[in-house]
Every structure is written in structure tokens, then in C-alpha cells.
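Below is work-v9.txt, holding compact mmCIF, C-alpha atoms (C1' of nucleotides).
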```
# COMPACT_ATOMS: atom_id res chain seq x y z
CA MET A 1 0.00 0.00 0.00
CA THR A 2 1.45 3.30 -1.06
CA THR A 3 0.04 6.52 0.24
CA HIS A 4 0.48 9.89 -1.32
CA SER A 5 0.36 13.29 0.17
CA LEU A 6 -1.41 14.96 -2.70
CA ASP A 7 -4.87 14.66 -1.28
CA ARG A 8 -6.46 17.98 -0.52
CA LEU A 9 -9.98 16.77 -0.30
CA GLY A 10 -10.17 14.63 2.77
CA PRO A 11 -8.83 15.01 6.30
CA ALA A 12 -5.13 14.91 5.67
CA LEU A 13 -3.64 14.38 9.10
CA PRO A 14 -2.06 10.96 9.04
CA ASP A 15 -2.87 10.20 12.65
CA ALA A 16 -6.39 11.53 12.63
CA PRO A 17 -8.96 8.91 13.54
CA GLU A 18 -10.31 7.19 10.49
CA LEU A 19 -14.00 7.32 9.83
CA PRO A 20 -15.73 4.08 8.98
CA LEU A 21 -17.28 3.54 5.59
CA VAL A 22 -18.91 0.55 4.00
CA ALA A 23 -18.73 -0.15 0.29
CA ILE A 24 -21.09 -2.64 -1.27
CA LEU A 25 -19.87 -3.47 -4.74
CA GLY A 26 -20.51 -6.16 -7.31
CA ALA A 27 -22.00 -6.87 -10.70
CA THR A 28 -25.47 -5.73 -11.71
CA GLY A 29 -28.32 -7.71 -10.34
CA THR A 30 -26.44 -9.08 -7.36
CA GLY A 31 -28.74 -7.36 -4.90
CA LYS A 32 -26.53 -4.49 -3.85
CA SER A 33 -29.29 -1.93 -3.42
CA THR A 34 -31.32 -4.07 -1.07
CA LEU A 35 -28.31 -4.98 0.96
CA ALA A 36 -27.18 -1.37 1.17
CA LEU A 37 -30.61 -0.50 2.49
CA GLU A 38 -30.30 -3.13 5.20
CA VAL A 39 -26.88 -1.92 6.24
CA ALA A 40 -27.89 1.72 6.22
CA GLN A 41 -31.00 1.00 8.20
CA ALA A 42 -29.17 -1.04 10.80
CA PHE A 43 -26.29 1.37 11.34
CA HIS A 44 -27.69 4.83 10.73
CA GLY A 45 -26.26 5.05 7.31
CA GLU A 46 -26.83 7.04 4.18
CA ILE A 47 -26.29 5.62 0.76
CA VAL A 48 -23.90 6.96 -1.83
CA ASN A 49 -24.47 5.69 -5.33
CA CYS A 50 -21.46 4.41 -7.24
CA ASP A 51 -23.12 3.61 -10.54
CA SER A 52 -22.26 5.58 -13.63
CA LEU A 53 -25.80 5.59 -15.01
CA GLN A 54 -27.96 6.12 -11.99
CA VAL A 55 -26.53 9.60 -11.80
CA TYR A 56 -28.70 10.52 -14.78
CA ARG A 57 -32.16 11.90 -14.31
CA HIS A 58 -35.01 10.22 -16.19
CA PHE A 59 -33.12 6.98 -16.72
CA ASP A 60 -34.88 4.94 -14.10
CA ILE A 61 -36.22 1.64 -15.32
CA GLY A 62 -33.24 0.51 -17.37
CA THR A 63 -30.78 1.41 -14.64
CA ALA A 64 -32.78 -0.46 -12.01
CA LYS A 65 -32.90 2.65 -9.88
CA LEU A 66 -34.53 2.04 -6.54
CA PRO A 67 -37.86 3.91 -6.58
CA MET A 68 -38.32 6.62 -3.94
CA ALA A 69 -41.04 4.59 -2.27
CA GLU A 70 -38.66 1.72 -1.66
CA ARG A 71 -35.85 3.71 -0.13
CA ARG A 72 -37.28 3.41 3.39
CA GLY A 73 -36.62 7.06 4.01
CA ILE A 74 -32.89 6.55 3.82
CA PRO A 75 -31.09 9.37 2.02
CA HIS A 76 -29.56 8.35 -1.30
CA HIS A 77 -26.82 10.52 -2.74
CA LEU A 78 -25.54 10.94 -6.28
CA ILE A 79 -28.65 9.61 -7.91
CA ASP A 80 -30.42 11.90 -10.39
CA ILE A 81 -27.79 14.58 -10.25
CA VAL A 82 -27.22 15.36 -13.92
CA ASP A 83 -29.27 15.63 -17.07
CA PRO A 84 -28.72 13.09 -19.82
CA HIS A 85 -26.85 15.47 -22.09
CA GLU A 86 -24.36 16.58 -19.46
CA THR A 87 -20.98 14.97 -19.36
CA PHE A 88 -20.18 13.37 -16.10
CA THR A 89 -16.81 11.79 -15.56
CA ALA A 90 -15.14 9.59 -13.03
CA GLY A 91 -13.44 12.73 -11.76
CA ASP A 92 -16.76 14.47 -11.25
CA PHE A 93 -17.98 11.42 -9.45
CA ALA A 94 -14.97 11.19 -7.16
CA GLY A 95 -15.24 14.84 -6.20
CA ARG A 96 -18.93 14.75 -5.46
CA ALA A 97 -18.74 11.42 -3.72
CA ARG A 98 -16.05 12.69 -1.38
CA ARG A 99 -18.14 15.68 -0.51
CA ALA A 100 -21.10 13.42 0.14
CA LEU A 101 -18.95 11.21 2.34
CA ALA A 102 -17.74 14.15 4.36
CA ASP A 103 -21.27 15.48 4.79
CA ILE A 104 -22.61 12.16 5.92
CA ALA A 105 -19.79 11.64 8.34
CA ALA A 106 -20.26 15.15 9.67
CA ARG A 107 -23.86 14.23 10.41
CA GLY A 108 -22.52 11.35 12.43
CA ARG A 109 -23.87 8.81 10.02
CA LEU A 110 -22.31 5.88 8.24
CA PRO A 111 -21.61 6.28 4.53
CA VAL A 112 -22.68 3.22 2.59
CA ILE A 113 -21.34 3.25 -0.93
CA CYS A 114 -23.30 1.11 -3.31
CA GLY A 115 -22.69 0.43 -6.96
CA GLY A 116 -21.03 -1.57 -9.65
CA THR A 117 -18.94 0.88 -11.60
CA GLY A 118 -15.46 -0.30 -10.76
CA PHE A 119 -13.76 2.66 -12.30
CA TYR A 120 -15.82 5.09 -10.24
CA TRP A 121 -15.00 3.19 -7.12
CA ARG A 122 -11.33 3.29 -7.96
CA ALA A 123 -11.49 6.98 -8.76
CA LEU A 124 -13.05 7.55 -5.35
CA ASP A 125 -10.89 5.19 -3.33
CA ALA A 126 -7.47 5.10 -5.00
CA GLY A 127 -7.98 8.45 -6.68
CA LEU A 128 -7.15 9.87 -10.05
CA PHE A 129 -3.85 11.39 -10.97
CA GLU A 130 -3.47 15.16 -11.22
CA GLY A 131 -4.18 15.87 -14.82
CA PRO A 132 -6.20 17.91 -17.24
CA THR A 133 -9.93 17.35 -17.56
CA ARG A 134 -11.43 16.37 -20.86
CA ASP A 135 -11.33 18.95 -23.63
CA ASP A 136 -14.00 18.40 -26.24
CA ALA A 137 -12.56 20.84 -28.76
CA LEU A 138 -9.23 19.06 -28.70
CA ARG A 139 -10.94 15.71 -28.98
CA ALA A 140 -12.90 16.85 -31.98
CA ARG A 141 -9.68 17.80 -33.70
CA LEU A 142 -8.07 14.51 -32.78
CA SER A 143 -10.93 12.40 -34.01
CA ALA A 144 -11.02 14.34 -37.29
CA ARG A 145 -7.40 13.45 -37.71
CA GLU A 146 -8.10 9.80 -37.00
CA GLN A 147 -10.86 9.81 -39.57
CA ARG A 148 -8.56 11.14 -42.22
CA ARG A 149 -6.00 8.48 -41.46
CA ALA A 150 -7.00 5.45 -39.48
CA GLY A 151 -4.41 4.56 -36.90
CA SER A 152 -2.77 7.96 -36.94
CA LEU A 153 -3.66 8.79 -33.35
CA HIS A 154 -2.00 5.76 -31.92
CA ARG A 155 1.08 6.45 -34.00
CA LEU A 156 1.06 9.96 -32.66
CA LEU A 157 0.79 8.65 -29.14
CA ARG A 158 3.75 6.41 -29.74
CA ARG A 159 5.83 9.48 -30.42
CA PHE A 160 4.49 11.51 -27.52
CA ASP A 161 4.10 8.90 -24.84
CA ALA A 162 5.63 5.59 -25.80
CA ALA A 163 4.85 4.00 -22.46
CA ALA A 164 1.16 4.78 -22.77
CA ALA A 165 1.11 3.65 -26.39
CA ALA A 166 2.60 0.34 -25.38
CA ARG A 167 -0.09 -0.22 -22.82
CA ILE A 168 -3.05 0.94 -24.88
CA HIS A 169 -4.08 -1.19 -27.81
CA ALA A 170 -4.15 0.64 -31.14
CA HIS A 171 -7.81 -0.20 -31.58
CA ASP A 172 -8.81 1.31 -28.29
CA MET A 173 -9.74 4.80 -29.37
CA PRO A 174 -11.13 6.26 -26.18
CA LYS A 175 -8.03 5.44 -24.23
CA THR A 176 -5.68 6.53 -27.01
CA VAL A 177 -7.46 9.86 -27.22
CA ARG A 178 -7.35 10.44 -23.50
CA ALA A 179 -3.63 9.68 -23.30
CA LEU A 180 -2.97 12.12 -26.11
CA GLU A 181 -5.19 14.72 -24.56
CA VAL A 182 -3.28 14.50 -21.30
CA ARG A 183 0.06 14.66 -23.03
CA LEU A 184 -0.94 17.63 -25.19
CA LEU A 185 -2.62 19.63 -22.45
CA ALA A 186 -0.28 18.87 -19.58
CA ARG A 187 2.79 18.70 -21.79
CA ARG A 188 3.82 15.69 -19.78
CA PRO A 189 3.15 12.02 -20.47
CA MET A 190 0.27 10.45 -18.66
CA THR A 191 2.51 7.70 -17.37
CA GLU A 192 4.63 10.25 -15.59
CA LEU A 193 1.67 12.01 -14.07
CA PHE A 194 0.27 8.74 -12.89
CA ARG A 195 3.51 7.82 -11.24
CA ALA A 196 3.62 11.18 -9.53
CA GLY A 197 0.72 10.05 -7.44
CA ARG A 198 -3.01 9.90 -7.16
CA ARG A 199 -5.46 11.70 -4.99
CA ALA A 200 -6.34 8.76 -2.81
CA LEU A 201 -9.18 8.95 -0.37
CA ARG A 202 -7.87 9.79 3.08
CA GLY A 203 -9.34 9.73 6.50
CA TYR A 204 -11.56 6.72 6.10
CA ARG A 205 -11.37 3.10 6.97
CA ALA A 206 -13.39 1.12 4.50
CA LEU A 207 -15.08 -2.22 4.66
CA LYS A 208 -15.14 -3.32 1.04
CA LEU A 209 -17.60 -6.03 0.18
CA VAL A 210 -18.13 -7.51 -3.22
CA LEU A 211 -21.25 -9.54 -3.82
CA SER A 212 -20.39 -12.55 -5.86
CA PRO A 213 -23.17 -15.03 -6.44
CA GLU A 214 -22.69 -17.99 -8.73
CA ARG A 215 -22.72 -17.15 -12.35
CA ALA A 216 -25.58 -19.30 -13.62
CA PRO A 217 -28.21 -17.98 -11.21
CA LEU A 218 -26.95 -14.43 -11.71
CA TYR A 219 -27.32 -14.71 -15.47
CA ALA A 220 -30.76 -16.22 -15.13
CA ARG A 221 -31.78 -13.35 -12.92
CA LEU A 222 -30.34 -10.77 -15.30
CA ASP A 223 -32.20 -12.27 -18.24
CA LYS A 224 -35.44 -12.18 -16.34
CA ARG A 225 -34.91 -8.67 -15.10
CA CYS A 226 -34.14 -7.46 -18.60
CA GLU A 227 -37.31 -9.01 -19.90
CA SER A 228 -39.42 -7.40 -17.24
CA MET A 229 -37.83 -4.04 -18.01
CA PHE A 230 -39.04 -4.35 -21.58
CA GLU A 231 -42.44 -5.41 -20.36
CA CYS A 232 -42.77 -2.79 -17.69
CA GLY A 233 -42.18 0.49 -19.39
CA LEU A 234 -38.65 0.69 -20.73
CA LEU A 235 -39.88 1.67 -24.18
CA GLU A 236 -42.23 4.23 -22.72
CA GLU A 237 -39.46 5.65 -20.61
CA VAL A 238 -37.22 6.02 -23.63
CA GLN A 239 -40.01 7.74 -25.53
CA ARG A 240 -40.61 10.07 -22.59
CA ILE A 241 -36.94 11.05 -22.49
CA LEU A 242 -36.97 11.67 -26.20
CA ASN A 243 -40.09 13.80 -25.80
CA LEU A 244 -38.29 15.89 -23.22
CA GLY A 245 -36.00 16.88 -26.05
CA PHE A 246 -32.93 14.83 -25.29
CA SER A 247 -31.05 13.49 -28.27
CA PRO A 248 -30.86 9.76 -28.86
CA SER A 249 -27.12 10.17 -29.17
CA VAL A 250 -26.80 11.22 -25.57
CA LYS A 251 -24.45 9.06 -23.55
CA PRO A 252 -26.78 7.11 -21.30
CA PHE A 253 -28.69 6.00 -24.37
CA GLN A 254 -25.63 4.08 -25.43
CA SER A 255 -25.86 1.72 -22.52
CA HIS A 256 -27.26 -1.77 -22.80
CA GLY A 257 -31.01 -1.95 -22.64
CA TYR A 258 -31.50 1.66 -23.65
CA LYS A 259 -29.53 1.23 -26.83
CA GLN A 260 -31.67 -1.69 -27.90
CA ALA A 261 -34.90 -0.04 -26.83
CA LEU A 262 -33.99 2.89 -29.03
CA GLN A 263 -33.27 0.61 -31.97
CA LEU A 264 -36.56 -1.12 -31.43
CA LEU A 265 -38.42 2.18 -31.46
CA ARG A 266 -36.67 3.08 -34.69
CA GLY A 267 -37.69 -0.21 -36.20
CA GLU A 268 -34.13 -1.44 -36.57
CA LEU A 269 -34.73 -4.46 -34.40
CA THR A 270 -37.66 -6.68 -33.61
CA ARG A 271 -38.74 -6.89 -30.03
CA GLU A 272 -37.18 -10.34 -29.69
CA GLN A 273 -33.87 -9.18 -31.11
CA ALA A 274 -33.82 -6.12 -28.91
CA LEU A 275 -34.47 -8.14 -25.81
CA GLU A 276 -31.93 -10.77 -26.71
CA LEU A 277 -29.21 -8.22 -27.38
CA ALA A 278 -29.98 -6.33 -24.22
CA GLN A 279 -29.77 -9.53 -22.23
CA ARG A 280 -26.56 -10.57 -23.89
CA ASN A 281 -24.89 -7.24 -23.32
CA THR A 282 -26.01 -7.19 -19.73
CA ARG A 283 -24.49 -10.61 -19.16
CA ARG A 284 -21.25 -9.54 -20.76
CA TYR A 285 -21.20 -6.44 -18.65
CA ALA A 286 -21.69 -8.42 -15.48
CA LYS A 287 -18.76 -10.58 -16.44
CA ARG A 288 -16.55 -7.56 -17.01
CA GLN A 289 -17.53 -6.21 -13.65
CA MET A 290 -16.49 -9.44 -11.98
CA THR A 291 -13.17 -9.27 -13.75
CA TRP A 292 -12.69 -5.74 -12.49
CA PHE A 293 -13.46 -6.49 -8.88
CA ARG A 294 -11.20 -9.51 -8.83
CA ARG A 295 -8.28 -7.11 -9.09
CA GLU A 296 -9.56 -4.70 -6.51
CA PRO A 297 -7.37 -4.77 -3.42
CA GLU A 298 -8.47 -5.52 0.13
CA ILE A 299 -11.82 -6.86 -0.78
CA GLU A 300 -14.06 -9.27 1.05
CA TRP A 301 -16.06 -11.59 -1.12
CA ILE A 302 -19.62 -12.38 -0.27
CA ALA A 303 -20.69 -15.55 -2.04
CA GLY A 304 -24.33 -14.89 -2.70
CA PHE A 305 -27.06 -12.40 -3.51
CA GLY A 306 -27.44 -9.30 -1.40
CA ASP A 307 -31.17 -9.76 -1.09
CA ASP A 308 -30.72 -13.22 0.34
CA ARG A 309 -31.65 -13.20 4.03
CA VAL A 310 -28.73 -15.36 5.05
CA ILE A 311 -26.30 -13.18 3.18
CA ALA A 312 -27.84 -10.05 4.60
CA ARG A 313 -27.48 -11.33 8.13
CA GLN A 314 -23.90 -12.32 7.46
CA VAL A 315 -23.10 -8.86 6.13
CA LEU A 316 -24.81 -7.13 9.03
CA GLU A 317 -22.72 -9.14 11.46
CA ARG A 318 -19.59 -8.40 9.54
CA THR A 319 -20.42 -4.71 9.48
CA ALA A 320 -21.09 -4.66 13.19
CA ALA A 321 -17.73 -6.25 13.86
CA PHE A 322 -16.05 -3.83 11.54
CA LEU A 323 -17.64 -0.84 13.24
CA THR A 324 -16.67 -1.85 16.76
CA LEU A 325 -13.17 -2.43 15.53
CA ALA A 326 -13.14 0.93 13.78
CA ASN A 327 -14.29 2.63 16.95
CA GLN A 328 -11.63 0.95 19.03
CA LYS A 329 -8.81 1.66 16.63
CA PRO A 330 -7.99 5.23 17.65
CA SER A 331 -7.89 4.41 21.35
CA GLU A 332 -5.38 1.67 20.76
CA HIS A 333 -2.79 4.34 20.12
CA PHE A 334 -2.99 5.53 23.70
C1' G B 1 -43.02 -42.77 -55.62
C1' G B 2 -40.70 -38.26 -58.35
C1' A B 3 -37.97 -33.19 -58.52
C1' C B 4 -34.98 -30.00 -56.22
C1' G B 5 -32.36 -27.93 -51.74
C1' G B 6 -29.58 -29.34 -47.55
C1' G B 7 -26.66 -32.28 -43.54
C1' U B 8 -19.63 -28.48 -41.50
C1' G B 9 -16.39 -28.01 -34.87
C1' G B 10 -21.26 -26.64 -28.24
C1' C B 11 -24.88 -23.60 -31.64
C1' C B 12 -25.64 -20.50 -36.15
C1' G B 13 -23.12 -20.18 -40.60
C1' A B 14 -19.06 -19.65 -44.73
C1' G B 15 -15.99 -22.61 -47.64
C1' C B 16 -17.17 -26.00 -52.77
C1' G B 17 -10.01 -30.05 -55.25
C1' G B 18 -4.47 -28.12 -52.36
C1' U B 19 -1.12 -22.54 -48.54
C1' U B 20 -8.07 -25.33 -44.39
C1' A B 21 -7.89 -27.64 -37.69
C1' A B 22 -11.34 -25.28 -41.53
C1' U B 23 -13.50 -17.09 -42.55
C1' G B 24 -17.44 -14.92 -39.52
C1' G B 25 -20.95 -14.56 -35.53
C1' C B 26 -22.86 -16.61 -30.89
C1' A B 27 -21.93 -19.20 -26.53
C1' A B 28 -17.82 -20.31 -23.16
C1' C B 29 -13.31 -19.00 -20.62
C1' A B 30 -9.44 -15.56 -19.33
C1' G B 31 -7.82 -10.55 -19.32
C1' A B 32 -6.96 -5.00 -19.87
C1' C B 33 -8.88 -0.51 -17.98
C1' U B 34 -4.43 6.13 -15.43
C1' G B 35 -11.50 11.88 -15.98
C1' U B 36 -17.90 10.36 -20.96
C1' A B 37 -16.11 3.20 -18.10
C1' A B 38 -23.52 -0.18 -18.64
C1' A B 39 -18.11 2.69 -22.59
C1' U B 40 -13.79 0.82 -25.12
C1' C B 41 -10.35 -2.92 -26.09
C1' U B 42 -7.37 -7.82 -26.02
C1' G B 43 -6.41 -13.12 -25.84
C1' U B 44 -7.90 -18.49 -25.82
C1' C B 45 -11.43 -21.53 -27.90
C1' G B 46 -10.97 -30.25 -31.61
C1' C B 47 -7.65 -33.73 -28.63
C1' U B 48 -2.75 -35.15 -26.85
C1' C B 49 2.41 -34.28 -26.17
C1' C B 50 6.70 -31.41 -25.57
C1' U B 51 12.48 -28.56 -26.30
C1' U B 52 5.55 -23.45 -25.98
C1' G B 53 7.29 -23.42 -31.81
C1' C B 54 4.13 -19.30 -37.32
C1' G B 55 6.36 -27.28 -33.06
C1' A B 56 4.98 -32.76 -33.35
C1' G B 57 1.27 -36.40 -33.58
C1' C B 58 -3.83 -37.79 -33.69
C1' U B 59 -9.04 -37.15 -34.82
C1' A B 60 -12.43 -34.11 -37.74
C1' C B 61 -16.90 -31.43 -42.26
C1' G B 62 -24.14 -37.34 -41.86
C1' G B 63 -22.34 -42.96 -43.06
C1' A B 64 -19.71 -46.43 -46.30
C1' G B 65 -16.95 -46.89 -50.51
C1' G B 66 -14.41 -44.67 -54.87
C1' U B 67 -11.58 -41.00 -58.15
C1' U B 68 -7.00 -38.19 -57.25
C1' C B 69 -0.17 -37.08 -55.62
C1' G B 70 -4.02 -34.61 -52.56
C1' A B 71 -11.21 -34.16 -50.95
C1' A B 72 -15.32 -30.76 -46.37
C1' U B 73 -15.02 -29.73 -51.62
C1' C B 74 -15.69 -34.55 -57.45
C1' C B 75 -18.36 -39.69 -58.22
C1' U B 76 -21.50 -43.95 -56.31
C1' C B 77 -24.68 -46.07 -52.83
C1' C B 78 -27.05 -45.53 -48.16
C1' C B 79 -29.23 -42.70 -43.83
C1' C B 80 -31.56 -38.28 -42.11
C1' C B 81 -33.94 -33.10 -42.76
C1' G B 82 -36.68 -29.23 -45.68
C1' U B 83 -39.64 -27.48 -49.88
C1' C B 84 -42.40 -28.76 -54.12
C1' C B 85 -44.95 -32.49 -57.53
C1' A B 86 -47.71 -37.04 -57.19
```
Write out the structure in this file as C-alpha cells.
Amino acid sequence: MTTHSLDRLGPALPDAPELPLVAILGATGTGKSTLALEVAQAFHGEIVNCDSLQVYRHFDIGTAKLPMAERRGIPHHLIDIVDPHETFTAGDFAGRARRALADIAARGRLPVICGGTGFYWRALDAGLFEGPTRDDALRARLSAREQRRAGSLHRLLRRFDAAAAARIHAHDMPKTVRALEVRLLARRPMTELFRAGRRALRGYRALKLVLSPERAPLYARLDKRCESMFECGLLEEVQRILNLGFSPSVKPFQSHGYKQALQLLRGELTREQALELAQRNTRRYAKRQMTWFRREPEIEWIAGFGDDRVIARQVLERTAAFLTLANQKPSEHF
RNA sequence: GGACGGGUGGCCGAGCGGUUAAUGGCAACAGACUGUAAAUCUGUCGCUCCUUGCGAGCUACGGAGGUUCGAAUCCUCCCCCGUCCA
């Protein structure tokens, strides 16, 4: 574990008592929301969303957002905070999440982070490096260049930041563009900036739980959930968002489920095809999430669904133990 | 009974004499991830073996024969499936 002194967002004193925090992570459909509710309810917590799509207003059904009525009066943060056309990055998330954490802790409550976007979690926990934010004008120029000559951006990156070029596959445009953007704007290679240190979260002691049910039942559940989304208003929701004036090219529309619903509305897919593709992409996504969390450090695996009673009890016990330990920790120094 | 069309690796589906263990897609498995990450991208994917190499051997394109230096690809017979005519 390396720690860096670049953090200016959290309590920076190294010997300050660490505040407890619980993170409930895992693939979609593993029952995180329900479990987070249980934990928050039992330990005076408030929930902080860590899902890259639930931040968008109006995208409710396809993102499996917990309806207000089911939130048991527990405050949920970072849900419905931006409009669909606004860009919202991992950096934005990390900043706002840290503020939410501090607020919750200041209220004497337990922050319960809940979500499946691994990158957001990492941005929050390990932190991002100090670098330029995205620059759409620059990116427009870069992508025009790539269109003129396919492969030119990666070649360019090889000249400007060989280390990054070696790590990023030539076909991976988004990452190639970002590396170039950093290099061009900061005038220093991304690799160097990254090595210089990240803005890691300080001042908290986290219990990191990853829900990890068996694959077959998870997939079955995802398929079923996807189907019921199509049956229970996904199409109508998409139409409603369109009617509000948001473009179909807006980012959240590119996510699985919504993308297919849009294609179905345009007549590009039959209902069966749309559903099948949505299900397939959801399954693939879940698999990628599992891959991500496997690499996440200091994690505790929970082998089951979060809405399983036995699992819930197990997690509540674990959380209780964690909290008493967290409370004792500072006094051990004296 | 007759006329066509077809049977290809877990599935779909190309190939239609050689450089084809056989394009693609799906499924499966593994992985990457440095500010739009539910995105984007990569690898493996018949079996066995090893000195892990654009390695060796084996088994493969419904079945059995045949033609050929050589066949998933051509011929014969047989077995299935589909459409049409009786």
C-alpha cells in the first residue's frame, strides 16, 4: 500500500482517527441496493451511489434505480444529479462522492457506498492522478485526424508517450485519445503524471464487500430482469426522455437496454432481437464487472445475492464487527 | 413414388479439389482498464504431447466406398432433414 500526500480533499492528518465507511460493490443484479438499504437502516447510514448511469435523471427503469417509495426514508446521494446530455466523468464522481462522504460523516452517520462501476470506485478510493480534464474541442480535432487516417492517433501517441502507447491497444480509441489529450494539455506524459501520485481517499477506513453469487443464477436473474424491463415500461421511458427533447445520441442512451430499446423504437430491431441483445450485453457487462473487482485490493467476497436473508445477516454481522473495531482503533494508540 | 435444396467443430453459418484444424458470428473461458467506463479494447477456444514453436502427432466437415499425388469440396450407394410435384 502506497500513500500519497497529494490529497487535498479529505482530512489529511495521518494520525487523525479514520472514519468508517462501508462499500457494497458487485456486478449488476447481485442485490446491492437491497443490501445497502439493510446496512444503512441497521447502522444509521446514508447511501452513496457508485453507478455511472444512476446519476442521470429520467433513466430509471433501465438502470434499475430504486424507486423513492422503496428507499425506506434513507437518504440516497448521487442519484439523479445530472441531465442526460451533461458529461459526467469519473473525476466528477470522485469529487462529489467525497463531498457526500464528508457530509454524511459530519452528520454522524455511516456512509454506505453502493454500486457496480469499478472505475468510479477506484477513482473515489485510490484516486485519479493530477491531470487535465477532458477537452471536447481538442478531442474533436483529434478524431477528425483519426478519420482522415486510421491509426494515426495511436502512432502519434507512440511518439508523444511511448509507455502509454505500449499499454493501450491501437484499436482502443477512447483510451488513445485520453492519453494524447493529457500529453498535449499537460505537456507531460500520462505515465509520468500517474507515477507522480493519485489523490487517494484519506481519512476513512473502509469495509469493502463484493457480492459474488454464482454465475448461472446471476445470469438467469439478469435475463429475467431485462425481460421485465421491456415489459414494464422501458420503451415508454425512452419515448418520454426523447419527448423531453434529449437526443438519442446522448451518452446514457448508449448503454445496454437503452440502446436496444432505441433501436426497437426506430424499427431497426424486432422486439425479440432487442431483448436478446440487451440480455446478452447485460451478461457480458456483469462478467466484465467481476473481472474488475477480482483485481480490486483488500476486498471481502460475499458468495451470494445481497437480497438473500442469510447473506444479509452475514453482512450485518460483519459490518457490526467492523464498526466496533473501527471505533476501538484510535484508542489503541494511547 | 418423383424433382430439387440441404446435412460443417457446443450452436448459427461460410468454404465448394491443395497454402483449411477449416472465414465470420454466438456461446464459453481468461484478461486490460491512469476523468464520458452499462463505454472501449485484447487473448484463448478439436484432442494429446513437448524442447511453448508461425512445433509434433492424432481425430475431424451425416455414413460407407471410390476417383486423385491430394477431398469438407468430385463420383457412387445408403441414412436423415426441408420445400415442391404425385
How far is it from atom C1' of G18 of chain B to atom C1' of G70 of chain B, in Å with one decimal? 6.5 Å
Could you jot down the atom CA of Ile104 of chain A to atom CA of Pro20 of chain A separation for me, Å, one decimal place? 11.0 Å
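Computed from the coordinates, the atom C1' of U59 of chain B to atom C1' of G10 of chain B distance equals 17.4 Å.
Across B:G43, B:G6, B:G1, B:G66, the tightest approach to C80 of chain B is made by B:G6 when counting only C-alpha atoms (C1' of nucleotides).
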List as CSV every residue of chain B that is in contact with chain A, defined as an atom at most 12 Å from one of its atoms (using all atoms listed in the file), together with the nearest atom pair and the distance in Å rounded to one decimal, sorted by chain and then rising number.
```
residue,atom,partner,partner_atom,distance
B:C26,C1',A:Arg280,CA,10.0
B:A27,C1',A:Arg280,CA,10.1
B:A28,C1',A:Arg284,CA,11.6
B:C29,C1',A:Lys287,CA,10.9
B:A30,C1',A:Thr291,CA,9.2
B:G31,C1',A:Thr291,CA,7.8
B:A32,C1',A:Ile168,CA,8.7
B:C33,C1',A:Phe119,CA,8.1
B:U34,C1',A:Phe194,CA,5.9
B:G35,C1',A:Gly91,CA,4.7
B:U36,C1',A:Thr89,CA,5.7
B:A37,C1',A:Phe119,CA,6.3
B:A38,C1',A:Ser255,CA,4.9
B:A39,C1',A:Ser255,CA,7.8
B:U40,C1',A:Asp172,CA,5.9
B:C41,C1',A:Asp172,CA,5.0
B:U42,C1',A:His169,CA,7.6
```
Fewer than 3 positions away in the same chain doesn't count, so skip those; otherwise give me all residues within 9 Å of segment 20-22 of chain B, counting all atoms listed in the file, as a ChimeraX atom specification. /B:8-9,15,46,60-61,72
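Residue nearest Arg225 of chain A, chosen from A:His77, A:Gly267, A:Thr30, A:Ile47 and counting only C-alpha atoms: A:Thr30.
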Using all atoms listed in the file, determine which residues lie at most 8 Å from U73 of chain B, disregarding the query and same-chain residues fewer than 2 positions distant; provide the list as an NGL selection string. :B and (16-17 or 71)
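Among B:C78, B:G53, B:A86, B:U44, the residue with the shortest atom-to-atom distance to G65 of chain B, counting only C-alpha atoms (C1' of nucleotides), is B:C78.
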Do a neighbour search on Ala166 of chain A at 10 Å with all atoms listed in the file, toss out local chain neighbours closer than 6 positions, and write the hits as a count of residues only. 3
Using all atoms listed in the file, which of A:Leu244, A:Ala97, A:Ile81, A:Ile302 sits nearest Leu211 of chain A? A:Ile302
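Proximity to Arg199 of chain A was assessed for A:Asp125, A:Glu70, A:Glu214, A:Glu18 counting all atoms listed in the file; the smallest distance is recorded for A:Asp125.
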Do a neighbour search on Leu235 of chain A at 8 Å with all atoms listed in the file, toss out local chain neighbours closer than 3 positions, and write the hits as JSON, numbers by chain. {"A": [230, 238, 239, 261, 262, 265]}
